[in-house]
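Student: What follows is start.pdb, made up of PDB, C-alpha atoms and all ligand atoms:
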ATOM      1  CA  MET A   1      42.191 -14.096  11.535
ATOM      2  CA  LYS A   2      44.896 -14.381   8.815
ATOM      3  CA  SER A   3      42.616 -13.589   5.869
ATOM      4  CA  LEU A   4      38.917 -12.831   5.373
ATOM      5  CA  LEU A   5      37.764 -15.401   2.841
ATOM      6  CA  ASP A   6      34.139 -16.024   3.820
ATOM      7  CA  ILE A   7      31.539 -15.739   6.565
ATOM      8  CA  TYR A   8      31.356 -19.558   6.716
ATOM      9  CA  SER A   9      34.715 -19.743   8.571
ATOM     10  CA  LEU A  10      34.015 -16.929  11.047
ATOM     11  CA  SER A  11      32.797 -17.581  14.582
ATOM     12  CA  PHE A  12      30.172 -15.533  16.428
ATOM     13  CA  SER A  13      32.964 -13.871  18.473
ATOM     14  CA  GLU A  14      35.065 -13.017  15.410
ATOM     15  CA  ILE A  15      32.058 -11.362  13.759
ATOM     16  CA  GLU A  16      31.184  -9.514  16.939
ATOM     17  CA  GLU A  17      34.777  -8.259  17.328
ATOM     18  CA  ILE A  18      34.756  -6.825  13.788
ATOM     19  CA  LEU A  19      31.385  -5.135  14.388
ATOM     20  CA  ILE A  20      32.527  -3.567  17.667
ATOM     21  CA  LEU A  21      35.775  -2.358  16.092
ATOM     22  CA  ALA A  22      33.826  -0.868  13.149
ATOM     23  CA  GLU A  23      31.424   0.897  15.544
ATOM     24  CA  ASN A  24      34.400   2.485  17.302
ATOM     25  CA  LEU A  25      36.107   3.422  14.027
ATOM     26  CA  LYS A  26      33.052   5.381  12.866
ATOM     27  CA  GLU A  27      34.115   8.146  15.255
ATOM     28  CA  ILE A  28      37.185   8.804  13.041
ATOM     29  CA  LEU A  29      34.966   9.197   9.980
ATOM     30  CA  GLY A  30      33.029  11.952  11.772
ATOM     31  CA  ARG A  31      36.133  14.045  12.501
ATOM     32  CA  PRO A  32      36.856  17.275  10.542
ATOM     33  CA  ILE A  33      40.025  15.606   9.236
ATOM     34  CA  PRO A  34      39.180  11.891   9.025
ATOM     35  CA  LYS A  35      42.688  10.482   8.869
ATOM     36  CA  VAL A  36      44.853   8.482  11.302
ATOM     37  CA  PRO A  37      48.400   7.161  10.776
ATOM     38  CA  THR A  38      47.668   3.589  11.968
ATOM     39  CA  LEU A  39      48.512   1.771   8.724
ATOM     40  CA  ARG A  40      51.211   4.161   7.490
ATOM     41  CA  GLY A  41      53.779   2.246   5.430
ATOM     42  CA  LYS A  42      51.360  -0.595   4.579
ATOM     43  CA  GLN A  43      50.639  -1.278   0.926
ATOM     44  CA  VAL A  44      47.164  -2.560  -0.051
ATOM     45  CA  LEU A  45      46.515  -4.025  -3.504
ATOM     46  CA  LEU A  46      42.969  -3.778  -4.884
ATOM     47  CA  LEU A  47      42.680  -6.543  -7.461
ATOM     48  CA  PHE A  48      39.298  -6.255  -9.168
ATOM     49  CA  TYR A  49      38.526  -8.600 -12.066
ATOM     50  CA  GLU A  50      34.856  -7.556 -12.068
ATOM     51  CA  PRO A  51      33.125  -4.164 -11.986
ATOM     52  CA  SER A  52      32.479  -2.557  -8.609
ATOM     53  CA  THR A  53      31.406   0.828  -7.281
ATOM     54  CA  ARG A  54      30.609   0.441  -3.578
ATOM     55  CA  THR A  55      33.121  -2.231  -2.562
ATOM     56  CA  LYS A  56      36.115  -0.865  -4.448
ATOM     57  CA  PHE A  57      35.632   2.772  -3.446
ATOM     58  CA  SER A  58      34.877   1.997   0.187
ATOM     59  CA  PHE A  59      38.076  -0.085   0.423
ATOM     60  CA  GLU A  60      39.905   2.866  -1.142
ATOM     61  CA  ARG A  61      38.379   5.263   1.362
ATOM     62  CA  ALA A  62      39.147   2.897   4.263
ATOM     63  CA  CYS A  63      42.816   2.695   3.168
ATOM     64  CA  LYS A  64      43.094   6.477   2.855
ATOM     65  CA  VAL A  65      41.555   7.126   6.290
ATOM     66  CA  LEU A  66      44.003   4.648   7.844
ATOM     67  CA  SER A  67      46.966   6.096   5.823
ATOM     68  CA  ALA A  68      47.688   2.829   3.980
ATOM     69  CA  ASP A  69      49.099   3.165   0.446
ATOM     70  CA  LEU A  70      46.970   1.857  -2.401
ATOM     71  CA  MET A  71      47.772   0.017  -5.596
ATOM     72  CA  SER A  72      44.753  -0.445  -7.812
ATOM     73  CA  PHE A  73      44.782  -3.135 -10.503
ATOM     74  CA  SER A  74      42.380  -3.605 -13.348
ATOM     75  CA  ALA A  75      42.697  -6.577 -15.673
ATOM     76  CA  LYS A  76      42.149  -4.399 -18.755
ATOM     77  CA  GLY A  77      45.450  -2.915 -19.830
ATOM     78  CA  SER A  78      47.508  -5.337 -17.702
ATOM     79  CA  SER A  79      49.729  -8.220 -18.846
ATOM     80  CA  ILE A  80      46.756 -10.562 -18.338
ATOM     81  CA  GLU A  81      45.905  -9.506 -21.898
ATOM     82  CA  LYS A  82      49.235 -11.120 -22.929
ATOM     83  CA  GLY A  83      48.332 -14.389 -21.181
ATOM     84  CA  GLU A  84      49.838 -13.904 -17.700
ATOM     85  CA  THR A  85      48.097 -16.100 -15.122
ATOM     86  CA  LEU A  86      46.365 -14.814 -11.995
ATOM     87  CA  LEU A  87      48.978 -16.381  -9.746
ATOM     88  CA  ASP A  88      51.914 -14.949 -11.717
ATOM     89  CA  THR A  89      50.226 -11.540 -11.744
ATOM     90  CA  VAL A  90      49.768 -11.638  -7.980
ATOM     91  CA  LYS A  91      53.304 -12.934  -7.290
ATOM     92  CA  ASN A  92      54.751 -10.106  -9.383
ATOM     93  CA  LEU A  93      52.610  -7.447  -7.707
ATOM     94  CA  CYS A  94      53.582  -8.859  -4.294
ATOM     95  CA  ALA A  95      57.243  -8.448  -5.270
ATOM     96  CA  LEU A  96      56.492  -4.707  -5.324
ATOM     97  CA  GLY A  97      55.961  -4.822  -1.550
ATOM     98  CA  VAL A  98      52.245  -5.484  -1.089
ATOM     99  CA  ASN A  99      51.068  -6.276   2.484
ATOM    100  CA  LEU A 100      47.417  -7.248   1.800
ATOM    101  CA  ILE A 101      45.303  -8.108  -1.243
ATOM    102  CA  VAL A 102      41.619  -7.297  -1.707
ATOM    103  CA  ILE A 103      40.294  -9.419  -4.572
ATOM    104  CA  ARG A 104      37.048  -9.574  -6.539
ATOM    105  CA  HIS A 105      36.921 -12.316  -9.139
ATOM    106  CA  PRO A 106      34.173 -13.956 -11.230
ATOM    107  CA  LEU A 107      35.389 -17.449 -10.288
ATOM    108  CA  SER A 108      34.148 -18.839  -6.939
ATOM    109  CA  GLY A 109      37.047 -19.888  -4.692
ATOM    110  CA  THR A 110      39.691 -17.574  -6.190
ATOM    111  CA  PRO A 111      40.506 -15.850  -2.840
ATOM    112  CA  HIS A 112      40.842 -19.288  -1.195
ATOM    113  CA  PHE A 113      43.188 -20.416  -3.991
ATOM    114  CA  LEU A 114      45.353 -17.301  -3.591
ATOM    115  CA  SER A 115      45.489 -17.680   0.187
ATOM    116  CA  LYS A 116      47.073 -21.123  -0.299
ATOM    117  CA  HIS A 117      49.879 -19.719  -2.480
ATOM    118  CA  ILE A 118      50.465 -16.166  -1.232
ATOM    119  CA  PRO A 119      51.797 -15.577   2.303
ATOM    120  CA  ILE A 120      49.977 -12.267   2.955
ATOM    121  CA  PRO A 121      46.365 -11.601   4.068
ATOM    122  CA  ILE A 122      43.683 -11.944   1.374
ATOM    123  CA  VAL A 123      40.283 -10.261   1.601
ATOM    124  CA  ASN A 124      37.434 -11.626  -0.498
ATOM    125  CA  ALA A 125      35.579  -8.696  -2.091
ATOM    126  CA  GLY A 126      33.176 -11.074  -3.872
ATOM    127  CA  ASP A 127      34.030 -14.359  -5.616
ATOM    128  CA  GLY A 128      31.628 -15.549  -8.293
ATOM    129  CA  ARG A 129      28.354 -16.699  -6.770
ATOM    130  CA  HIS A 130      30.097 -17.941  -3.623
ATOM    131  CA  GLU A 131      30.434 -15.223  -0.918
ATOM    132  CA  HIS A 132      30.857 -11.487  -0.280
ATOM    133  CA  PRO A 133      31.840 -11.396   3.403
ATOM    134  CA  THR A 134      32.451  -7.646   3.883
ATOM    135  CA  GLN A 135      28.987  -6.952   2.425
ATOM    136  CA  ALA A 136      27.407  -9.250   5.029
ATOM    137  CA  LEU A 137      29.412  -7.588   7.804
ATOM    138  CA  LEU A 138      28.249  -4.112   6.771
ATOM    139  CA  ASP A 139      24.684  -5.412   6.547
ATOM    140  CA  LEU A 140      24.978  -6.755  10.113
ATOM    141  CA  LEU A 141      26.395  -3.436  11.328
ATOM    142  CA  THR A 142      23.516  -1.524   9.730
ATOM    143  CA  VAL A 143      20.860  -3.768  11.288
ATOM    144  CA  LYS A 144      22.588  -3.668  14.698
ATOM    145  CA  GLU A 145      22.692   0.139  14.592
ATOM    146  CA  LYS A 146      19.094   0.545  13.457
ATOM    147  CA  LEU A 147      17.367  -2.210  15.476
ATOM    148  CA  GLY A 148      19.768  -2.474  18.437
ATOM    149  CA  THR A 149      20.119  -6.249  18.132
ATOM    150  CA  LEU A 150      21.089  -9.054  15.763
ATOM    151  CA  SER A 151      19.356 -11.870  17.605
ATOM    152  CA  ASP A 152      15.812 -13.221  17.320
ATOM    153  CA  LEU A 153      15.094 -11.307  14.121
ATOM    154  CA  LYS A 154      13.224 -12.568  11.090
ATOM    155  CA  VAL A 155      15.332 -11.673   8.051
ATOM    156  CA  ALA A 156      13.710 -12.038   4.612
ATOM    157  CA  ILE A 157      15.924 -12.133   1.521
ATOM    158  CA  ILE A 158      14.046 -11.863  -1.779
ATOM    159  CA  GLY A 159      15.338 -12.494  -5.287
ATOM    160  CA  ASP A 160      18.033 -14.485  -7.050
ATOM    161  CA  ILE A 161      19.287 -16.385  -3.999
ATOM    162  CA  LYS A 162      21.024 -19.136  -5.975
ATOM    163  CA  HIS A 163      23.441 -16.853  -7.854
ATOM    164  CA  SER A 164      23.918 -14.159  -5.206
ATOM    165  CA  ARG A 165      27.143 -14.144  -3.182
ATOM    166  CA  VAL A 166      25.561 -11.465  -0.968
ATOM    167  CA  ALA A 167      22.645 -13.775  -0.165
ATOM    168  CA  HIS A 168      25.009 -16.637   0.697
ATOM    169  CA  SER A 169      27.096 -14.501   3.082
ATOM    170  CA  ASP A 170      24.017 -12.867   4.633
ATOM    171  CA  ILE A 171      22.214 -16.196   5.152
ATOM    172  CA  LEU A 172      25.214 -17.464   7.123
ATOM    173  CA  ALA A 173      25.932 -14.180   8.923
ATOM    174  CA  PHE A 174      22.429 -13.535  10.272
ATOM    175  CA  GLN A 175      22.041 -17.136  11.450
ATOM    176  CA  LYS A 176      25.433 -17.029  13.183
ATOM    177  CA  MET A 177      24.303 -13.925  15.076
ATOM    178  CA  GLY A 178      21.115 -15.657  16.277
ATOM    179  CA  SER A 179      18.478 -14.685  13.734
ATOM    180  CA  GLN A 180      16.327 -16.748  11.389
ATOM    181  CA  VAL A 181      16.585 -16.250   7.637
ATOM    182  CA  PHE A 182      13.753 -16.789   5.138
ATOM    183  CA  VAL A 183      14.493 -16.637   1.432
ATOM    184  CA  SER A 184      12.115 -16.383  -1.502
ATOM    185  CA  GLY A 185      12.246 -15.848  -5.246
ATOM    186  CA  PRO A 186      11.479 -17.667  -8.506
ATOM    187  CA  ALA A 187      11.740 -21.428  -7.824
ATOM    188  CA  HIS A 188      14.725 -21.995 -10.134
ATOM    189  CA  LEU A 189      16.604 -19.087  -8.500
ATOM    190  CA  LEU A 190      16.365 -20.691  -5.036
ATOM    191  CA  PRO A 191      19.070 -22.950  -3.577
ATOM    192  CA  GLU A 192      18.815 -26.671  -4.267
ATOM    193  CA  PRO A 193      18.400 -29.132  -1.328
ATOM    194  CA  LYS A 194      22.168 -29.816  -1.066
ATOM    195  CA  GLU A 195      22.887 -26.072  -0.917
ATOM    196  CA  GLN A 196      20.067 -25.584   1.585
ATOM    197  CA  ALA A 197      21.682 -28.112   3.929
ATOM    198  CA  PHE A 198      25.047 -26.344   3.532
ATOM    199  CA  PHE A 199      23.584 -22.971   4.552
ATOM    200  CA  GLU A 200      21.556 -24.266   7.491
ATOM    201  CA  ILE A 201      22.986 -23.307  10.886
ATOM    202  CA  LYS A 202      21.091 -24.732  13.818
ATOM    203  CA  PRO A 203      19.366 -23.813  16.089
ATOM    204  CA  ARG A 204      17.963 -20.739  14.273
ATOM    205  CA  GLY A 205      17.980 -22.168  10.777
ATOM    206  CA  PHE A 206      17.162 -21.010   7.316
ATOM    207  CA  ARG A 207      13.919 -21.494   5.372
ATOM    208  CA  VAL A 208      13.196 -21.528   1.660
ATOM    209  CA  CYS A 209       9.738 -20.129   0.841
ATOM    210  CA  TYR A 210       8.123 -20.594  -2.545
ATOM    211  CA  LYS A 211       5.516 -17.968  -1.621
ATOM    212  CA  MET A 212       7.070 -14.541  -1.062
ATOM    213  CA  GLU A 213       4.384 -13.608   1.484
ATOM    214  CA  GLU A 214       5.565 -16.403   3.787
ATOM    215  CA  ALA A 215       9.061 -14.888   3.874
ATOM    216  CA  LEU A 216       7.839 -11.297   4.246
ATOM    217  CA  LYS A 217       5.123 -11.809   6.877
ATOM    218  CA  GLY A 218       6.285 -10.290  10.174
ATOM    219  CA  ALA A 219       9.847  -9.731   8.924
ATOM    220  CA  ASP A 220      12.127  -7.363  10.864
ATOM    221  CA  VAL A 221      14.510  -6.967   7.935
ATOM    222  CA  VAL A 222      13.841  -7.274   4.199
ATOM    223  CA  MET A 223      16.727  -7.526   1.763
ATOM    224  CA  ALA A 224      15.994  -7.246  -1.955
ATOM    225  CA  LEU A 225      18.513  -8.612  -4.457
ATOM    226  CA  ARG A 226      19.346  -7.908  -8.055
ATOM    227  CA  ILE A 227      18.787 -10.657 -10.634
ATOM    228  CA  GLN A 228      22.327 -11.852 -11.403
ATOM    229  CA  ARG A 229      21.737 -12.375 -15.130
ATOM    230  CA  GLU A 230      25.503 -12.272 -15.843
ATOM    231  CA  ARG A 231      25.784 -15.603 -13.932
ATOM    232  CA  HIS A 232      22.783 -17.378 -15.457
ATOM    233  CA  GLY A 233      24.351 -18.533 -18.734
ATOM    234  CA  GLU A 234      20.837 -19.038 -20.149
ATOM    235  CA  ALA A 235      17.610 -17.100 -19.637
ATOM    236  CA  LEU A 236      16.170 -18.169 -16.256
ATOM    237  CA  ILE A 237      13.412 -15.589 -15.995
ATOM    238  CA  PRO A 238      10.951 -14.783 -18.788
ATOM    239  CA  SER A 239      11.420 -11.013 -18.471
ATOM    240  CA  LEU A 240      12.319  -8.366 -15.908
ATOM    241  CA  LEU A 241       8.771  -7.014 -16.182
ATOM    242  CA  GLU A 242       7.335 -10.384 -15.183
ATOM    243  CA  TYR A 243       9.845 -10.639 -12.322
ATOM    244  CA  ALA A 244       8.854  -7.153 -11.120
ATOM    245  CA  GLN A 245       5.197  -8.182 -11.114
ATOM    246  CA  THR A 246       5.739 -11.369  -9.089
ATOM    247  CA  PHE A 247       8.755 -10.736  -6.827
ATOM    248  CA  GLY A 248       9.314  -6.967  -7.050
ATOM    249  CA  LEU A 249       8.805  -5.180  -3.738
ATOM    250  CA  ASN A 250       6.501  -2.193  -3.446
ATOM    251  CA  LYS A 251       4.524  -0.432  -0.694
ATOM    252  CA  LYS A 252       1.675  -2.924  -1.067
ATOM    253  CA  THR A 253       3.821  -6.081  -0.776
ATOM    254  CA  LEU A 254       5.580  -4.573   2.268
ATOM    255  CA  GLU A 255       2.302  -4.063   4.166
ATOM    256  CA  ILE A 256       2.773  -7.464   5.855
ATOM    257  CA  ILE A 257       6.281  -6.839   7.243
ATOM    258  CA  LYS A 258       6.682  -5.549  10.809
ATOM    259  CA  GLU A 259       6.098  -1.880  11.431
ATOM    260  CA  LYS A 260       9.473  -0.107  11.166
ATOM    261  CA  ALA A 261      11.099  -3.149   9.552
ATOM    262  CA  LEU A 262      14.223  -2.248   7.590
ATOM    263  CA  LEU A 263      14.368  -2.333   3.802
ATOM    264  CA  MET A 264      17.852  -3.116   2.490
ATOM    265  CA  HIS A 265      19.615  -3.728  -0.828
ATOM    266  CA  PRO A 266      23.336  -4.374  -1.420
ATOM    267  CA  GLY A 267      23.316  -2.466  -4.719
ATOM    268  CA  PRO A 268      23.471  -1.948  -7.596
ATOM    269  CA  ILE A 269      19.673  -1.551  -7.723
ATOM    270  CA  ASN A 270      17.471  -1.953 -10.751
ATOM    271  CA  TRP A 271      14.718   0.463  -9.733
ATOM    272  CA  GLY A 272      11.377  -0.668 -11.103
ATOM    273  CA  VAL A 273      12.470  -4.330 -11.022
ATOM    274  CA  GLU A 274      13.359  -5.636  -7.530
ATOM    275  CA  LEU A 275      12.270  -2.359  -5.863
ATOM    276  CA  SER A 276       9.489  -0.081  -7.102
ATOM    277  CA  PHE A 277      10.397   3.590  -7.593
ATOM    278  CA  GLU A 278       8.067   4.605  -4.743
ATOM    279  CA  LEU A 279      10.378   2.811  -2.256
ATOM    280  CA  GLU A 280      13.171   5.317  -2.847
ATOM    281  CA  ASN A 281      11.514   7.465  -0.170
ATOM    282  CA  TYR A 282      10.349   4.603   2.070
ATOM    283  CA  PRO A 283      10.991   5.778   5.666
ATOM    284  CA  PHE A 284      12.804   2.626   6.825
ATOM    285  CA  GLN A 285      14.890   2.175   3.697
ATOM    286  CA  VAL A 286      18.564   2.065   4.793
ATOM    287  CA  ILE A 287      20.401   1.439   1.525
ATOM    288  CA  LEU A 288      22.773   4.403   1.770
ATOM    289  CA  ASP A 289      23.407   3.622   5.463
ATOM    290  CA  GLN A 290      24.667   0.236   4.250
ATOM    291  CA  VAL A 291      27.059   1.969   1.843
ATOM    292  CA  GLU A 292      28.263   4.359   4.564
ATOM    293  CA  ASN A 293      28.871   1.460   6.967
ATOM    294  CA  GLY A 294      30.959  -0.262   4.309
ATOM    295  CA  VAL A 295      33.829   2.117   5.021
ATOM    296  CA  ALA A 296      33.949   1.412   8.779
ATOM    297  CA  ILE A 297      33.657  -2.346   8.221
ATOM    298  CA  ARG A 298      36.483  -2.333   5.688
ATOM    299  CA  MET A 299      38.611  -0.200   8.016
ATOM    300  CA  ALA A 300      38.001  -2.768  10.778
ATOM    301  CA  VAL A 301      38.941  -5.679   8.498
ATOM    302  CA  LEU A 302      42.131  -3.948   7.293
ATOM    303  CA  LEU A 303      43.129  -3.131  10.863
ATOM    304  CA  LYS A 304      42.501  -6.673  12.104
ATOM    305  CA  LEU A 305      44.564  -8.186   9.294
ATOM    306  CA  LEU A 306      47.380  -5.634   9.110
ATOM    307  CA  SER A 307      48.005  -4.234  12.559
ATOM    308  CA  GLY A 308      49.429  -7.508  13.879
ATOM    309  CA  ASP A 309      52.316  -7.982  11.448
TER     310      ASP A 309
HETATM  311  N1  LIG B 401      27.343  -4.408  -3.056
HETATM  312  C1  LIG B 401      28.360  -4.451  -3.954
HETATM  313  O1  LIG B 401      29.183  -5.362  -3.933
HETATM  314  O2  LIG B 401      28.400  -3.393  -4.832
HETATM  315  P1  LIG B 401      29.538  -3.207  -5.943
HETATM  316  O3  LIG B 401      29.402  -4.322  -6.923
HETATM  317  O4  LIG B 401      29.287  -1.851  -6.540
HETATM  318  O5  LIG B 401      30.866  -3.260  -5.250
END
Rewrite the coordinates I just gave you, this time as structure tokens.
Tutor:
Amino acid sequence: MKSLLDIYSLSFSEIEEILILAENLKEILGRPIPKVPTLRGKQVLLLFYEPSTRTKFSFERACKVLSADLMSFSAKGSSIEKGETLLDTVKNLCALGVNLIVIRHPLSGTPHFLSKHIPIPIVNAGDGRHEHPTQALLDLLTVKEKLGTLSDLKVAIIGDIKHSRVAHSDILAFQKMGSQVFVSGPAHLLPEPKEQAFFEIKPRGFRVCYKMEEALKGADVVMALRIQRERHGEALIPSLLEYAQTFGLNKKTLEIIKEKALLMHPGPINWGVELSFELENYPFQVILDQVENGVAIRMAVLLKLLSGD
């Protein structure tokens, strides 16, 4: 692995290796002084062109635990405001001695573009509506920990599938690990036939359900997603209230999932829209476990990409 650009390019074994490494690294996070010198002398650049709480801070924490040095870039206040291009910005920052770049960018394919021009590892921290691979890896780790397996599960993903990079990475990741994925949401927020074919990985496969109940019935894992209104361009749902009434999850709609099925959300959550307030205390809700696992996953990815050079 030279870079982590997407889940699409990862094999079953590569995903499994990252998960096993992350499971082992969690021991460090439980120590009284959670710090090891493994990446001492390495310089990591966090290049975020979009807002982030979980991803950015868990990469920061992962770097600090592994003793890597951090450079954090935000477009506001940089020479981008004077017209400097992305590539020039990155080349100049690399001249300062960067060993790895973590990038979040609103344009799909930006990490892939950089990886063609920059000779150091690139980690995709979310590119447009394309993919968010470290989110899918931390979701896999959470399910593996809680259910003991990643195979033969029914995974239901509910919401704005078409515009969600998390959905795209999770659809691929869970299928690659041997589970079947069912997605549901408003019809115009579901993937079109060409996209459906792209995301289908046989033999487990991926199903688009126009009725939410079909996706939820007997599910082992339910993932709710935020409506990505910043990527719609035009209004695609009449109102959040109407969305909450038709595709919002609550205790009643979850009655048909398996007993002890996990309830997940990548965050940020709009409580009262995709999840009802009553689900904050749902016993099998693992949203903060996902956030916690983000640190171990990002440590594993940094180690895999940096410890070899
Ligand atoms: N899940 C996720 O990517 O959250 P942030 O946007 O806060 O990083």
Student: Restricting the calculation to all atoms listed in the file, which member of A:Ala173, A:Ala167, A:Ala261, A:Ile201 is positioned closest to A:Leu225?
Tutor: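 Nearest to A:Leu225: A:Ala167.
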Student: Which residue gives the smallest distance to A:Leu279 among A:Lys252, A:Ser184, A:Gly294, A:Lys91, with all atoms listed in the file counted?
Tutor: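 Checking each candidate against A:Leu279, we get A:Lys252 as the closest.
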Student: Residues at most 6 Å from ligand LIG 401 (chain B), using all atoms listed in the file? Could they come as a list of chain:residue names?
Tutor: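 Result of the 6 Å neighbour search around ligand LIG 401 (chain B): A:Ser52, A:Thr53, A:Arg54, A:Thr55, A:Lys56, A:Pro266, A:Gly267, A:Pro268.
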Student: Starting from the PyMOL selection byres (((chain A and resi 70) around 9) and not hetatm), expand the selection into actual residues of this file and give them as number ranges by chain.
Tutor: A: 42-46, 60, 63-64, 68-69, 71-72
Student: So which residues fall inside 12 Å of (38.1, -19.1, -6.9) if we count only C-alpha atoms? Mind giving them as an MDAnalysis selection string?
Tutor: chainID A and resid 5:6 49 86:87 103:116 124:131
Student: Could you save the residues just selected, with C-alpha atoms, as a PDB file, keeping the file's coordinate frame?
Tutor:
ATOM      1  CA  LEU A   5      37.764 -15.401   2.841  1.00  0.00           C
ATOM      2  CA  ASP A   6      34.139 -16.024   3.820  1.00  0.00           C
ATOM      3  CA  TYR A  49      38.526  -8.600 -12.066  1.00  0.00           C
ATOM      4  CA  LEU A  86      46.365 -14.814 -11.995  1.00  0.00           C
ATOM      5  CA  LEU A  87      48.978 -16.381  -9.746  1.00  0.00           C
ATOM      6  CA  ILE A 103      40.294  -9.419  -4.572  1.00  0.00           C
ATOM      7  CA  ARG A 104      37.048  -9.574  -6.539  1.00  0.00           C
ATOM      8  CA  HIS A 105      36.921 -12.316  -9.139  1.00  0.00           C
ATOM      9  CA  PRO A 106      34.173 -13.956 -11.230  1.00  0.00           C
ATOM     10  CA  LEU A 107      35.389 -17.449 -10.288  1.00  0.00           C
ATOM     11  CA  SER A 108      34.148 -18.839  -6.939  1.00  0.00           C
ATOM     12  CA  GLY A 109      37.047 -19.888  -4.692  1.00  0.00           C
ATOM     13  CA  THR A 110      39.691 -17.574  -6.190  1.00  0.00           C
ATOM     14  CA  PRO A 111      40.506 -15.850  -2.840  1.00  0.00           C
ATOM     15  CA  HIS A 112      40.842 -19.288  -1.195  1.00  0.00           C
ATOM     16  CA  PHE A 113      43.188 -20.416  -3.991  1.00  0.00           C
ATOM     17  CA  LEU A 114      45.353 -17.301  -3.591  1.00  0.00           C
ATOM     18  CA  SER A 115      45.489 -17.680   0.187  1.00  0.00           C
ATOM     19  CA  LYS A 116      47.073 -21.123  -0.299  1.00  0.00           C
ATOM     20  CA  ASN A 124      37.434 -11.626  -0.498  1.00  0.00           C
ATOM     21  CA  ALA A 125      35.579  -8.696  -2.091  1.00  0.00           C
ATOM     22  CA  GLY A 126      33.176 -11.074  -3.872  1.00  0.00           C
ATOM     23  CA  ASP A 127      34.030 -14.359  -5.616  1.00  0.00           C
ATOM     24  CA  GLY A 128      31.628 -15.549  -8.293  1.00  0.00           C
ATOM     25  CA  ARG A 129      28.354 -16.699  -6.770  1.00  0.00           C
ATOM     26  CA  HIS A 130      30.097 -17.941  -3.623  1.00  0.00           C
ATOM     27  CA  GLU A 131      30.434 -15.223  -0.918  1.00  0.00           C
TER      28      GLU A 131
END
Student: Determine, using only C-alpha atoms, which residues of stretch 58-177 of chain A have any atom at most 9 Å from an atom of stretch 16-26 of chain A, and tabulate each with its shortest atom pair and distance in Å to one decimal place, rows ordered by chain and then rising number, as a tab-separated table.
Tutor:
residue	atom	partner	partner_atom	distance
A:Leu137	CA	A:Leu19	CA	7.3
A:Leu138	CA	A:Leu19	CA	8.3
A:Leu140	CA	A:Leu19	CA	7.9
A:Leu141	CA	A:Leu19	CA	6.1
A:Lys144	CA	A:Leu19	CA	8.9
A:Glu145	CA	A:Glu23	CA	8.8
A:Met177	CA	A:Glu16	CA	8.4
